[in-house]
Amino acid sequence: MNGKTVMACIEAAHSTLKEHTDEIAALDQQIGDGDHIFNLLRGVDALFAMRADIEAALIGPALDLAASKLLSTVGGSSGPLFFSLLHGMAKAAGDAETMSVEGAAQMFAAGVDAVTQRGKAGIGSKTMMDVLIPVASRFVELADSKAAPETVLDALPLIAEEGMLATRDMLATKGRASFLGERARGHIDPGARSSQLMIGAVCARLAQDRE
Ligand code: ADP
Ligand code: MG
């Protein structure tokens with residue numbers, strides 16, 4: 001795993017966000033201000049412009065390059081949160097040249113911890129954390145039980161989907177949707193949907209690259 005893998009994951013995230021742009025925009029129009037997907041796409045597009053630098057770096061530095069770029073391009077609440085995710089992962093990766101399942105799980109969990117510290121949202125607050133936290137926990141559990149990479153890549157998208165769907169019936173306690181009270185209920189959180197889609201696409205891409 002190196003900068004080329006990081007770039008492949010960015011590409012996978014980009015295509016699924018493109019494919020689901022209208023859907024995520026509609027979710028965000030219902031309980032947010034409608035800009036979430038466009039913020040994210042602006043950030044991911046900016047990452048394409050630095051492909052060569054990302055691909056040439058080791059995984060940690062590649063994630064850090066991407067993190068800083070997202071911070072300066074995404075904006076909204078989610079810009080700093082995605083920065084924290086990738087920066088937290090980068091710090092955990094350090095200057096590693098290869099990545100075991102265990103290392104990858106610790107790295108992802110460290111990123112999710114950093115997002116939690118920044119956004120102060122836990123499970124049940126109807127945000128992207130309803131996807132990120134359960135995925136990180138399951139990832140660490142699977143790694144601890146010495147699961148094969150294929151098993152992990154199959155399992156995590158299902159956990160992400162469950163977490164995303166669970167946001168539908170929640171009241172929001174963080175972010176813009178928290179101002180809506182009961183009116184937020186019945187709508188999936190756009191950030192949970194975008195995170196779930198990206199996790200699904202990244203896992204599918206990594207699984208495909210292993211074949
Ligand atoms: P804004 O709310 O500033 O318009 P975005 O549109 O970029 O920000 O992102 C909205 C998404 O950010 C929400 O759907 C939610 O998933 C996520 N979010 C908002 N606040 C938080 C928070 N404190 N912690 C984690 N995620 C959050
Ligand atoms: Mg918004």
# chains A, B, ... in the order shown; residues from 1 in each chain; ligands from 1
>>> residues_around(residues="Leu63 of chain A", least_positions_apart="4", cutoff="8 Å", atoms="only C-alpha atoms", output="list in words")
Gly3, Val6, Ile54, Ile59, Ala67, Leu86, His87, Met89 and Ala90 of chain A
>>> residues_near_ligand(ligand="ligand 1", cutoff="6 Å", atoms="only C-alpha atoms and all ligand atoms", output="VMD selection string")
chain A and resid 33 35 to 36 39 76 to 78 119 to 121 127 to 129 174 to 176 189 to 192
>>> residues_around(residues="Gly60 of chain A", least_positions_apart="5", cutoff="6 Å", atoms="only C-alpha atoms", output="ChimeraX atom specification")
/A:90,93-95
>>> write_last_selection(atoms="N, CA and C atoms", output="tab-separated table (two decimals), in the first residue's frame")
chain	number	residue	atom	x	y	z
A	90	ALA	N	-2.87	9.52	8.58
A	90	ALA	CA	-1.49	9.75	8.16
A	90	ALA	C	-0.54	9.64	9.34
A	93	ALA	N	-0.08	6.12	10.21
A	93	ALA	CA	0.70	5.37	9.20
A	93	ALA	C	2.18	5.70	9.31
A	94	GLY	N	2.49	6.93	9.72
A	94	GLY	CA	3.90	7.33	9.83
A	94	GLY	C	4.61	7.13	8.51
A	95	ASP	N	5.80	6.53	8.57
A	95	ASP	CA	6.52	6.30	7.30
A	95	ASP	C	6.51	4.82	6.92
>>> residues_around(residues="Ala8 of chain A", least_positions_apart="6", cutoff="9 Å", atoms="only C-alpha atoms", output="list of chain:residue names")
A:Val202, A:Arg205, A:Leu206
>>> write_last_selection(atoms="N, CA and C atoms", output="short mmCIF file (atom, residue, chain, number, x, y, z; two decimals), in the first residue's frame")
data_model
loop_
_atom_site.label_atom_id
_atom_site.label_comp_id
_atom_site.auth_asym_id
_atom_site.auth_seq_id
_atom_site.Cartn_x
_atom_site.Cartn_y
_atom_site.Cartn_z
N VAL A 202 -14.27 2.29 -1.93
CA VAL A 202 -12.85 2.05 -1.63
C VAL A 202 -12.62 0.56 -1.36
N ARG A 205 -12.74 -1.34 -4.59
CA ARG A 205 -11.54 -1.09 -5.38
C ARG A 205 -10.33 -1.87 -4.84
N LEU A 206 -10.18 -1.86 -3.52
CA LEU A 206 -9.05 -2.58 -2.92
C LEU A 206 -9.21 -4.08 -3.13
#
>>> closest_residue(among="A:Val44, A:Ala143, A:Ala148, A:Ile31", to="Thr167 of chain A", atoms="only C-alpha atoms")
A:Ile31
>>> select_by_dssp(residues="segment 52-149 of chain A", states="alpha helix (DSSP H)", output="compact mmCIF listing (two decimals) with all heavy atoms, in the first residue's frame")
# COMPACT_ATOMS: atom_id res chain seq x y z
N ALA A 52 0.30 13.26 -9.23
CA ALA A 52 1.70 12.83 -9.31
C ALA A 52 2.35 12.86 -7.92
O ALA A 52 3.08 11.92 -7.55
CB ALA A 52 2.47 13.70 -10.29
N ASP A 53 2.07 13.93 -7.16
CA ASP A 53 2.67 14.05 -5.83
C ASP A 53 2.15 12.96 -4.89
O ASP A 53 2.90 12.38 -4.10
CB ASP A 53 2.36 15.42 -5.22
CG ASP A 53 3.05 16.54 -5.98
OD1 ASP A 53 4.05 16.24 -6.67
OD2 ASP A 53 2.60 17.69 -5.90
N ILE A 54 0.85 12.72 -4.97
CA ILE A 54 0.25 11.70 -4.09
C ILE A 54 0.81 10.33 -4.45
O ILE A 54 1.21 9.54 -3.58
CB ILE A 54 -1.30 11.73 -4.19
CG1 ILE A 54 -1.84 13.02 -3.57
CG2 ILE A 54 -1.91 10.50 -3.49
CD1 ILE A 54 -3.34 13.22 -3.69
N GLU A 55 0.87 10.04 -5.74
CA GLU A 55 1.32 8.71 -6.17
C GLU A 55 2.78 8.44 -5.83
O GLU A 55 3.18 7.31 -5.62
CB GLU A 55 1.06 8.52 -7.67
CG GLU A 55 -0.42 8.33 -7.96
CD GLU A 55 -0.72 7.90 -9.38
OE1 GLU A 55 0.12 8.17 -10.28
OE2 GLU A 55 -1.79 7.30 -9.59
N ALA A 56 3.57 9.52 -5.77
CA ALA A 56 5.01 9.34 -5.53
C ALA A 56 5.32 9.14 -4.04
O ALA A 56 6.43 8.74 -3.69
CB ALA A 56 5.78 10.54 -6.06
N ILE A 59 2.40 5.90 1.95
CA ILE A 59 0.99 6.06 2.31
C ILE A 59 0.73 7.21 3.30
O ILE A 59 -0.17 8.02 3.08
CB ILE A 59 0.39 4.73 2.82
CG1 ILE A 59 -1.04 4.95 3.26
CG2 ILE A 59 1.20 4.06 3.90
CD1 ILE A 59 -1.84 3.71 3.34
N GLY A 60 1.53 7.31 4.36
CA GLY A 60 1.30 8.36 5.36
C GLY A 60 1.40 9.75 4.76
O GLY A 60 0.45 10.54 4.83
N PRO A 61 2.54 10.07 4.14
CA PRO A 61 2.68 11.38 3.51
C PRO A 61 1.63 11.62 2.40
O PRO A 61 1.16 12.75 2.23
CB PRO A 61 4.09 11.35 2.93
CG PRO A 61 4.83 10.36 3.78
CD PRO A 61 3.82 9.34 4.21
N ALA A 62 1.25 10.58 1.68
CA ALA A 62 0.23 10.74 0.63
C ALA A 62 -1.09 11.15 1.26
O ALA A 62 -1.79 12.05 0.77
CB ALA A 62 0.07 9.43 -0.16
N LEU A 63 -1.45 10.51 2.37
CA LEU A 63 -2.70 10.85 3.07
C LEU A 63 -2.63 12.27 3.61
O LEU A 63 -3.63 13.00 3.60
CB LEU A 63 -2.95 9.87 4.21
CG LEU A 63 -3.41 8.47 3.78
CD1 LEU A 63 -3.33 7.50 4.97
CD2 LEU A 63 -4.83 8.51 3.22
N ASP A 64 -1.45 12.67 4.07
CA ASP A 64 -1.31 14.02 4.62
C ASP A 64 -1.43 15.09 3.54
O ASP A 64 -2.03 16.15 3.77
CB ASP A 64 0.02 14.16 5.36
CG ASP A 64 -0.20 14.64 6.78
OD1 ASP A 64 -1.36 14.97 7.13
OD2 ASP A 64 0.78 14.68 7.53
N LEU A 65 -0.87 14.80 2.36
CA LEU A 65 -1.02 15.74 1.24
C LEU A 65 -2.50 15.92 0.92
O LEU A 65 -2.99 17.04 0.73
CB LEU A 65 -0.33 15.18 -0.01
CG LEU A 65 1.18 15.34 -0.13
CD1 LEU A 65 1.68 14.57 -1.34
CD2 LEU A 65 1.52 16.83 -0.26
N ALA A 66 -3.20 14.79 0.85
CA ALA A 66 -4.63 14.82 0.53
C ALA A 66 -5.40 15.55 1.62
O ALA A 66 -6.29 16.37 1.34
CB ALA A 66 -5.17 13.41 0.35
N ALA A 67 -5.04 15.30 2.88
CA ALA A 67 -5.74 15.94 4.01
C ALA A 67 -5.65 17.46 3.90
O ALA A 67 -6.66 18.16 4.00
CB ALA A 67 -5.12 15.46 5.33
N SER A 68 -4.44 17.98 3.67
CA SER A 68 -4.27 19.44 3.63
C SER A 68 -5.04 20.04 2.47
O SER A 68 -5.64 21.12 2.58
CB SER A 68 -2.80 19.82 3.45
OG SER A 68 -2.04 19.17 4.42
N LYS A 69 -5.04 19.33 1.34
CA LYS A 69 -5.77 19.84 0.18
C LYS A 69 -7.26 19.88 0.47
O LYS A 69 -7.96 20.84 0.11
CB LYS A 69 -5.45 18.95 -1.04
CG LYS A 69 -5.86 19.53 -2.36
CD LYS A 69 -5.39 20.96 -2.50
CE LYS A 69 -4.77 21.26 -3.82
NZ LYS A 69 -4.16 22.59 -3.87
N LEU A 70 -7.77 18.84 1.13
CA LEU A 70 -9.21 18.83 1.44
C LEU A 70 -9.57 19.97 2.39
O LEU A 70 -10.61 20.60 2.25
CB LEU A 70 -9.62 17.49 2.06
CG LEU A 70 -9.58 16.27 1.14
CD1 LEU A 70 -10.07 15.03 1.88
CD2 LEU A 70 -10.43 16.48 -0.12
N LEU A 71 -8.67 20.25 3.33
CA LEU A 71 -8.94 21.32 4.29
C LEU A 71 -9.11 22.66 3.58
O LEU A 71 -9.97 23.45 3.92
CB LEU A 71 -7.81 21.41 5.33
CG LEU A 71 -8.04 22.42 6.46
CD1 LEU A 71 -9.27 22.03 7.29
CD2 LEU A 71 -6.82 22.51 7.36
N SER A 72 -8.28 22.87 2.54
CA SER A 72 -8.33 24.18 1.88
C SER A 72 -9.37 24.23 0.76
O SER A 72 -9.62 25.30 0.22
CB SER A 72 -6.95 24.56 1.34
OG SER A 72 -6.53 23.62 0.38
N THR A 73 -9.99 23.10 0.42
CA THR A 73 -10.93 23.14 -0.71
C THR A 73 -12.36 22.75 -0.36
O THR A 73 -13.29 23.21 -1.02
CB THR A 73 -10.47 22.22 -1.86
OG1 THR A 73 -10.21 20.92 -1.33
CG2 THR A 73 -9.23 22.75 -2.56
N SER A 78 -17.84 19.70 6.87
CA SER A 78 -17.20 18.43 6.57
C SER A 78 -15.74 18.57 6.13
O SER A 78 -14.97 17.63 6.28
CB SER A 78 -18.02 17.62 5.56
OG SER A 78 -18.25 18.37 4.41
N GLY A 79 -15.33 19.76 5.65
CA GLY A 79 -13.93 19.95 5.24
C GLY A 79 -12.96 19.64 6.38
O GLY A 79 -12.11 18.75 6.26
N PRO A 80 -13.10 20.34 7.52
CA PRO A 80 -12.21 20.05 8.65
C PRO A 80 -12.35 18.62 9.17
O PRO A 80 -11.40 18.06 9.70
CB PRO A 80 -12.67 21.06 9.72
CG PRO A 80 -13.39 22.12 8.98
CD PRO A 80 -13.96 21.51 7.75
N LEU A 81 -13.54 18.04 9.01
CA LEU A 81 -13.74 16.67 9.51
C LEU A 81 -13.00 15.67 8.61
O LEU A 81 -12.34 14.75 9.11
CB LEU A 81 -15.23 16.33 9.58
CG LEU A 81 -16.03 17.20 10.56
CD1 LEU A 81 -17.53 16.97 10.41
CD2 LEU A 81 -15.60 16.94 12.01
N PHE A 82 -13.09 15.84 7.30
CA PHE A 82 -12.35 14.94 6.40
C PHE A 82 -10.84 15.16 6.53
O PHE A 82 -10.06 14.22 6.41
CB PHE A 82 -12.81 15.08 4.95
CG PHE A 82 -14.13 14.42 4.70
CD1 PHE A 82 -15.25 15.16 4.34
CD2 PHE A 82 -14.28 13.05 4.85
CE1 PHE A 82 -16.48 14.54 4.13
CE2 PHE A 82 -15.50 12.42 4.65
CZ PHE A 82 -16.61 13.17 4.29
N PHE A 83 -10.45 16.42 6.79
CA PHE A 83 -9.03 16.67 7.07
C PHE A 83 -8.59 15.84 8.28
O PHE A 83 -7.57 15.15 8.24
CB PHE A 83 -8.78 18.17 7.36
CG PHE A 83 -7.44 18.42 8.00
CD1 PHE A 83 -6.29 18.47 7.22
CD2 PHE A 83 -7.32 18.55 9.39
CE1 PHE A 83 -5.03 18.66 7.82
CE2 PHE A 83 -6.07 18.73 9.98
CZ PHE A 83 -4.93 18.78 9.19
N SER A 84 -9.38 15.91 9.35
CA SER A 84 -9.02 15.18 10.57
C SER A 84 -8.92 13.69 10.31
O SER A 84 -8.02 13.02 10.83
CB SER A 84 -10.05 15.42 11.67
OG SER A 84 -10.08 16.79 11.99
N LEU A 85 -9.85 13.16 9.51
CA LEU A 85 -9.82 11.72 9.20
C LEU A 85 -8.50 11.34 8.53
O LEU A 85 -7.78 10.44 9.00
CB LEU A 85 -11.00 11.35 8.29
CG LEU A 85 -11.06 9.89 7.86
CD1 LEU A 85 -11.40 8.99 9.04
CD2 LEU A 85 -12.10 9.68 6.75
N LEU A 86 -8.18 12.04 7.45
CA LEU A 86 -6.97 11.66 6.69
C LEU A 86 -5.69 12.02 7.44
O LEU A 86 -4.71 11.27 7.39
CB LEU A 86 -6.98 12.31 5.30
CG LEU A 86 -8.13 11.89 4.37
CD1 LEU A 86 -7.83 12.34 2.94
CD2 LEU A 86 -8.39 10.39 4.39
N HIS A 87 -5.71 13.14 8.16
CA HIS A 87 -4.52 13.53 8.91
C HIS A 87 -4.28 12.55 10.07
O HIS A 87 -3.14 12.16 10.33
CB HIS A 87 -4.67 14.97 9.42
CG HIS A 87 -3.49 15.48 10.18
ND1 HIS A 87 -2.25 15.61 9.60
CD2 HIS A 87 -3.35 15.85 11.48
CE1 HIS A 87 -1.40 16.06 10.52
NE2 HIS A 87 -2.04 16.20 11.66
N GLY A 88 -5.36 12.15 10.72
CA GLY A 88 -5.24 11.17 11.81
C GLY A 88 -4.72 9.84 11.28
O GLY A 88 -3.90 9.16 11.92
N MET A 89 -5.20 9.45 10.10
CA MET A 89 -4.72 8.21 9.48
C MET A 89 -3.24 8.35 9.10
O MET A 89 -2.45 7.43 9.30
CB MET A 89 -5.55 7.89 8.22
CG MET A 89 -6.96 7.41 8.52
SD MET A 89 -7.98 7.27 7.02
CE MET A 89 -7.19 5.90 6.20
N ALA A 90 -2.87 9.52 8.58
CA ALA A 90 -1.49 9.75 8.16
C ALA A 90 -0.54 9.64 9.34
O ALA A 90 0.53 9.02 9.24
CB ALA A 90 -1.37 11.14 7.51
N LYS A 91 -0.96 10.23 10.46
CA LYS A 91 -0.09 10.19 11.65
C LYS A 91 0.11 8.75 12.10
O LYS A 91 1.22 8.35 12.48
CB LYS A 91 -0.72 11.00 12.79
CG LYS A 91 -0.44 12.47 12.65
CD LYS A 91 -0.32 13.17 14.02
CE LYS A 91 -1.65 13.14 14.77
NZ LYS A 91 -1.76 14.15 15.82
N ALA A 92 -0.98 7.96 12.04
CA ALA A 92 -0.87 6.56 12.47
C ALA A 92 -0.01 5.77 11.49
O ALA A 92 0.70 4.84 11.88
CB ALA A 92 -2.27 5.94 12.61
N ALA A 93 -0.08 6.12 10.21
CA ALA A 93 0.70 5.37 9.20
C ALA A 93 2.18 5.70 9.31
O ALA A 93 3.04 4.85 9.05
CB ALA A 93 0.19 5.70 7.80
N VAL A 101 -3.39 -5.87 7.67
CA VAL A 101 -4.80 -5.62 8.02
C VAL A 101 -4.85 -4.91 9.37
O VAL A 101 -5.59 -3.94 9.56
CB VAL A 101 -5.61 -6.94 8.07
CG1 VAL A 101 -7.00 -6.70 8.65
CG2 VAL A 101 -5.72 -7.54 6.68
N GLU A 102 -4.03 -5.38 10.31
CA GLU A 102 -4.01 -4.77 11.64
C GLU A 102 -3.58 -3.30 11.58
O GLU A 102 -4.18 -2.44 12.21
CB GLU A 102 -3.03 -5.52 12.53
CG GLU A 102 -3.66 -5.93 13.82
CD GLU A 102 -2.94 -7.12 14.43
OE1 GLU A 102 -1.78 -7.39 14.08
OE2 GLU A 102 -3.57 -7.76 15.28
N GLY A 103 -2.53 -3.04 10.80
CA GLY A 103 -2.04 -1.67 10.66
C GLY A 103 -3.11 -0.79 10.02
O GLY A 103 -3.32 0.35 10.45
N ALA A 104 -3.80 -1.33 9.02
CA ALA A 104 -4.83 -0.54 8.34
C ALA A 104 -5.98 -0.24 9.29
O ALA A 104 -6.53 0.86 9.30
CB ALA A 104 -5.32 -1.28 7.09
N ALA A 105 -6.35 -1.23 10.11
CA ALA A 105 -7.45 -1.04 11.06
C ALA A 105 -7.08 0.02 12.09
O ALA A 105 -7.88 0.92 12.39
CB ALA A 105 -7.78 -2.36 11.75
N GLN A 106 -5.86 -0.06 12.62
CA GLN A 106 -5.40 0.94 13.61
C GLN A 106 -5.37 2.32 12.98
O GLN A 106 -5.73 3.32 13.60
CB GLN A 106 -4.00 0.59 14.14
CG GLN A 106 -3.92 -0.69 14.96
CD GLN A 106 -4.92 -0.72 16.12
OE1 GLN A 106 -5.26 0.32 16.66
NE2 GLN A 106 -5.40 -1.90 16.48
N MET A 107 -4.92 2.35 11.72
CA MET A 107 -4.82 3.63 11.01
C MET A 107 -6.21 4.25 10.83
O MET A 107 -6.41 5.44 11.11
CB MET A 107 -4.15 3.38 9.65
CG MET A 107 -4.09 4.58 8.75
SD MET A 107 -3.18 4.24 7.24
CE MET A 107 -4.40 3.33 6.28
N PHE A 108 -7.17 3.45 10.39
CA PHE A 108 -8.52 3.97 10.17
C PHE A 108 -9.14 4.42 11.50
O PHE A 108 -9.74 5.49 11.59
CB PHE A 108 -9.40 2.94 9.46
CG PHE A 108 -10.73 3.49 9.04
CD1 PHE A 108 -10.81 4.43 8.01
CD2 PHE A 108 -11.90 3.12 9.69
CE1 PHE A 108 -12.05 4.98 7.64
CE2 PHE A 108 -13.13 3.66 9.33
CZ PHE A 108 -13.20 4.59 8.30
N ALA A 109 -8.95 3.59 12.53
CA ALA A 109 -9.52 3.92 13.84
C ALA A 109 -8.92 5.22 14.37
O ALA A 109 -9.62 6.05 14.97
CB ALA A 109 -9.29 2.78 14.82
N ALA A 110 -7.62 5.44 14.13
CA ALA A 110 -6.98 6.68 14.59
C ALA A 110 -7.59 7.87 13.85
O ALA A 110 -7.82 8.94 14.44
CB ALA A 110 -5.47 6.62 14.36
N GLY A 111 -7.86 7.70 12.57
CA GLY A 111 -8.49 8.77 11.78
C GLY A 111 -9.87 9.09 12.32
O GLY A 111 -10.23 10.27 12.50
N VAL A 112 -10.64 8.05 12.61
CA VAL A 112 -12.01 8.25 13.10
C VAL A 112 -11.98 8.90 14.49
O VAL A 112 -12.79 9.78 14.79
CB VAL A 112 -12.81 6.92 13.07
CG1 VAL A 112 -14.16 7.09 13.74
CG2 VAL A 112 -12.97 6.45 11.63
N ASP A 113 -11.02 8.51 15.33
CA ASP A 113 -10.86 9.17 16.64
C ASP A 113 -10.61 10.66 16.47
O ASP A 113 -11.15 11.48 17.22
CB ASP A 113 -9.65 8.59 17.40
CG ASP A 113 -10.05 7.37 18.21
OD1 ASP A 113 -11.26 7.10 18.31
OD2 ASP A 113 -9.14 6.70 18.73
N ALA A 114 -9.78 11.00 15.50
CA ALA A 114 -9.46 12.41 15.26
C ALA A 114 -10.72 13.16 14.83
O ALA A 114 -10.94 14.31 15.24
CB ALA A 114 -8.35 12.54 14.22
N VAL A 115 -11.56 12.54 14.02
CA VAL A 115 -12.81 13.20 13.59
C VAL A 115 -13.72 13.39 14.81
O VAL A 115 -14.35 14.44 14.97
CB VAL A 115 -13.57 12.38 12.52
CG1 VAL A 115 -14.76 13.18 11.99
CG2 VAL A 115 -12.67 12.00 11.37
N THR A 116 -13.78 12.37 15.67
CA THR A 116 -14.63 12.47 16.85
C THR A 116 -14.17 13.61 17.75
O THR A 116 -14.98 14.37 18.28
CB THR A 116 -14.59 11.15 17.66
OG1 THR A 116 -14.84 10.08 16.76
CG2 THR A 116 -15.64 11.13 18.75
N GLN A 117 -12.84 13.74 17.90
CA GLN A 117 -12.33 14.82 18.74
C GLN A 117 -12.67 16.19 18.16
O GLN A 117 -12.98 17.12 18.88
CB GLN A 117 -10.82 14.69 18.90
CG GLN A 117 -10.49 13.68 20.00
CD GLN A 117 -9.03 13.31 20.00
OE1 GLN A 117 -8.17 14.15 19.71
NE2 GLN A 117 -8.73 12.06 20.29
N ARG A 118 -12.62 16.28 16.83
CA ARG A 118 -12.91 17.57 16.20
C ARG A 118 -14.40 17.88 16.25
O ARG A 118 -14.81 18.97 16.60
CB ARG A 118 -12.39 17.55 14.76
CG ARG A 118 -13.01 18.56 13.89
CD ARG A 118 -12.21 19.69 13.34
NE ARG A 118 -10.80 19.58 13.25
CZ ARG A 118 -10.05 20.63 12.95
NH1 ARG A 118 -10.61 21.81 12.72
NH2 ARG A 118 -8.76 20.51 12.83
N GLY A 119 -15.23 16.90 15.87
CA GLY A 119 -16.67 17.19 15.69
C GLY A 119 -17.51 16.92 16.91
O GLY A 119 -18.66 17.35 16.98
N MET A 129 -20.65 10.16 11.56
CA MET A 129 -20.09 9.33 12.63
C MET A 129 -20.88 8.03 12.78
O MET A 129 -20.34 7.03 13.27
CB MET A 129 -20.07 10.07 13.97
CG MET A 129 -19.33 11.38 13.98
SD MET A 129 -17.80 11.40 13.05
CE MET A 129 -16.77 10.32 14.02
N ASP A 130 -22.16 8.05 12.39
CA ASP A 130 -22.97 6.82 12.48
C ASP A 130 -22.48 5.77 11.49
O ASP A 130 -22.83 4.59 11.62
CB ASP A 130 -24.45 7.16 12.25
CG ASP A 130 -25.01 7.92 13.44
OD1 ASP A 130 -24.94 7.37 14.55
OD2 ASP A 130 -25.45 9.07 13.26
N VAL A 131 -21.69 6.18 10.54
CA VAL A 131 -21.04 5.25 9.62
C VAL A 131 -19.60 4.99 10.07
O VAL A 131 -19.17 3.84 10.20
CB VAL A 131 -21.06 5.81 8.17
CG1 VAL A 131 -20.20 4.98 7.24
CG2 VAL A 131 -22.50 5.89 7.66
N LEU A 132 -18.87 6.07 10.33
CA LEU A 132 -17.42 5.94 10.59
C LEU A 132 -17.12 5.15 11.86
O LEU A 132 -16.21 4.30 11.85
CB LEU A 132 -16.78 7.33 10.68
CG LEU A 132 -16.82 8.18 9.41
CD1 LEU A 132 -16.14 9.54 9.66
CD2 LEU A 132 -16.15 7.46 8.25
N ILE A 133 -17.85 5.42 12.94
CA ILE A 133 -17.51 4.76 14.21
C ILE A 133 -17.76 3.25 14.15
O ILE A 133 -16.87 2.46 14.50
CB ILE A 133 -18.23 5.44 15.41
CG1 ILE A 133 -17.71 6.87 15.58
CG2 ILE A 133 -18.03 4.64 16.70
CD1 ILE A 133 -18.44 7.70 16.65
N PRO A 134 -18.94 2.80 13.70
CA PRO A 134 -19.14 1.34 13.63
C PRO A 134 -18.17 0.65 12.66
O PRO A 134 -17.73 -0.47 12.92
CB PRO A 134 -20.59 1.17 13.14
CG PRO A 134 -21.25 2.48 13.36
CD PRO A 134 -20.19 3.53 13.36
N VAL A 135 -17.83 1.32 11.57
CA VAL A 135 -16.89 0.72 10.61
C VAL A 135 -15.51 0.57 11.27
O VAL A 135 -14.88 -0.48 11.17
CB VAL A 135 -16.81 1.54 9.30
CG1 VAL A 135 -15.64 1.08 8.44
CG2 VAL A 135 -18.11 1.40 8.51
N ALA A 136 -15.07 1.62 11.97
CA ALA A 136 -13.77 1.54 12.63
C ALA A 136 -13.77 0.43 13.68
O ALA A 136 -12.80 -0.35 13.77
CB ALA A 136 -13.42 2.88 13.27
N SER A 137 -14.84 0.32 14.47
CA SER A 137 -14.88 -0.71 15.52
C SER A 137 -14.82 -2.11 14.91
O SER A 137 -14.09 -2.98 15.39
CB SER A 137 -16.16 -0.63 16.35
OG SER A 137 -16.37 0.65 16.78
N ARG A 138 -15.62 -2.30 13.87
CA ARG A 138 -15.67 -3.63 13.25
C ARG A 138 -14.32 -3.97 12.61
O ARG A 138 -13.86 -5.12 12.65
CB ARG A 138 -16.79 -3.66 12.21
CG ARG A 138 -17.03 -5.02 11.62
CD ARG A 138 -17.87 -5.90 12.56
NE ARG A 138 -17.94 -7.27 12.07
CZ ARG A 138 -17.43 -8.33 12.72
NH1 ARG A 138 -16.83 -8.19 13.88
NH2 ARG A 138 -17.53 -9.53 12.20
N PHE A 139 -13.72 -2.97 12.00
CA PHE A 139 -12.42 -3.14 11.34
C PHE A 139 -11.39 -3.65 12.37
O PHE A 139 -10.68 -4.65 12.14
CB PHE A 139 -11.99 -1.79 10.75
CG PHE A 139 -10.94 -1.83 9.67
CD1 PHE A 139 -10.67 -0.67 8.93
CD2 PHE A 139 -10.23 -2.98 9.39
CE1 PHE A 139 -9.70 -0.68 7.93
CE2 PHE A 139 -9.25 -2.99 8.38
CZ PHE A 139 -8.99 -1.85 7.67
N VAL A 140 -11.36 -2.99 13.53
CA VAL A 140 -10.40 -3.38 14.58
C VAL A 140 -10.72 -4.79 15.09
O VAL A 140 -9.82 -5.61 15.27
CB VAL A 140 -10.41 -2.33 15.74
CG1 VAL A 140 -9.61 -2.82 16.93
CG2 VAL A 140 -9.85 -1.00 15.23
N GLU A 141 -12.01 -5.07 15.28
CA GLU A 141 -12.41 -6.43 15.74
C GLU A 141 -11.95 -7.49 14.76
O GLU A 141 -11.41 -8.53 15.14
CB GLU A 141 -13.94 -6.53 15.78
CG GLU A 141 -14.59 -6.22 17.09
CD GLU A 141 -16.12 -6.17 16.93
OE1 GLU A 141 -16.70 -6.90 16.07
OE2 GLU A 141 -16.71 -5.37 17.65
N LEU A 142 -12.21 -7.23 13.48
CA LEU A 142 -11.83 -8.21 12.44
C LEU A 142 -10.32 -8.38 12.40
O LEU A 142 -9.82 -9.50 12.28
CB LEU A 142 -12.36 -7.76 11.07
CG LEU A 142 -13.87 -7.93 10.87
CD1 LEU A 142 -14.33 -7.15 9.64
CD2 LEU A 142 -14.23 -9.41 10.70
N ALA A 143 -9.60 -7.28 12.51
CA ALA A 143 -8.13 -7.36 12.49
C ALA A 143 -7.63 -8.14 13.70
O ALA A 143 -6.75 -8.99 13.58
CB ALA A 143 -7.53 -5.96 12.47
N ASP A 144 -8.24 -7.89 14.86
CA ASP A 144 -7.84 -8.61 16.08
C ASP A 144 -8.09 -10.11 15.95
O ASP A 144 -7.36 -10.91 16.51
CB ASP A 144 -8.61 -8.09 17.31
CG ASP A 144 -8.09 -6.72 17.76
OD1 ASP A 144 -7.03 -6.29 17.25
OD2 ASP A 144 -8.75 -6.09 18.60
N PRO A 149 -7.84 -10.17 4.48
CA PRO A 149 -8.22 -8.90 3.86
C PRO A 149 -9.55 -8.99 3.10
O PRO A 149 -10.38 -8.07 3.19
CB PRO A 149 -7.06 -8.62 2.88
CG PRO A 149 -5.90 -9.38 3.42
CD PRO A 149 -6.45 -10.55 4.17
>>> atom_distance(atom1="atom CA of Ala201 of chain A", atom2="atom CA of Val152 of chain A")
13.6 Å
>>> closest_residue(among="A:Met1, A:Leu27, A:Leu58, A:Cys9", to="ligand 2", atoms="only C-alpha atoms and all ligand atoms")
A:Leu27
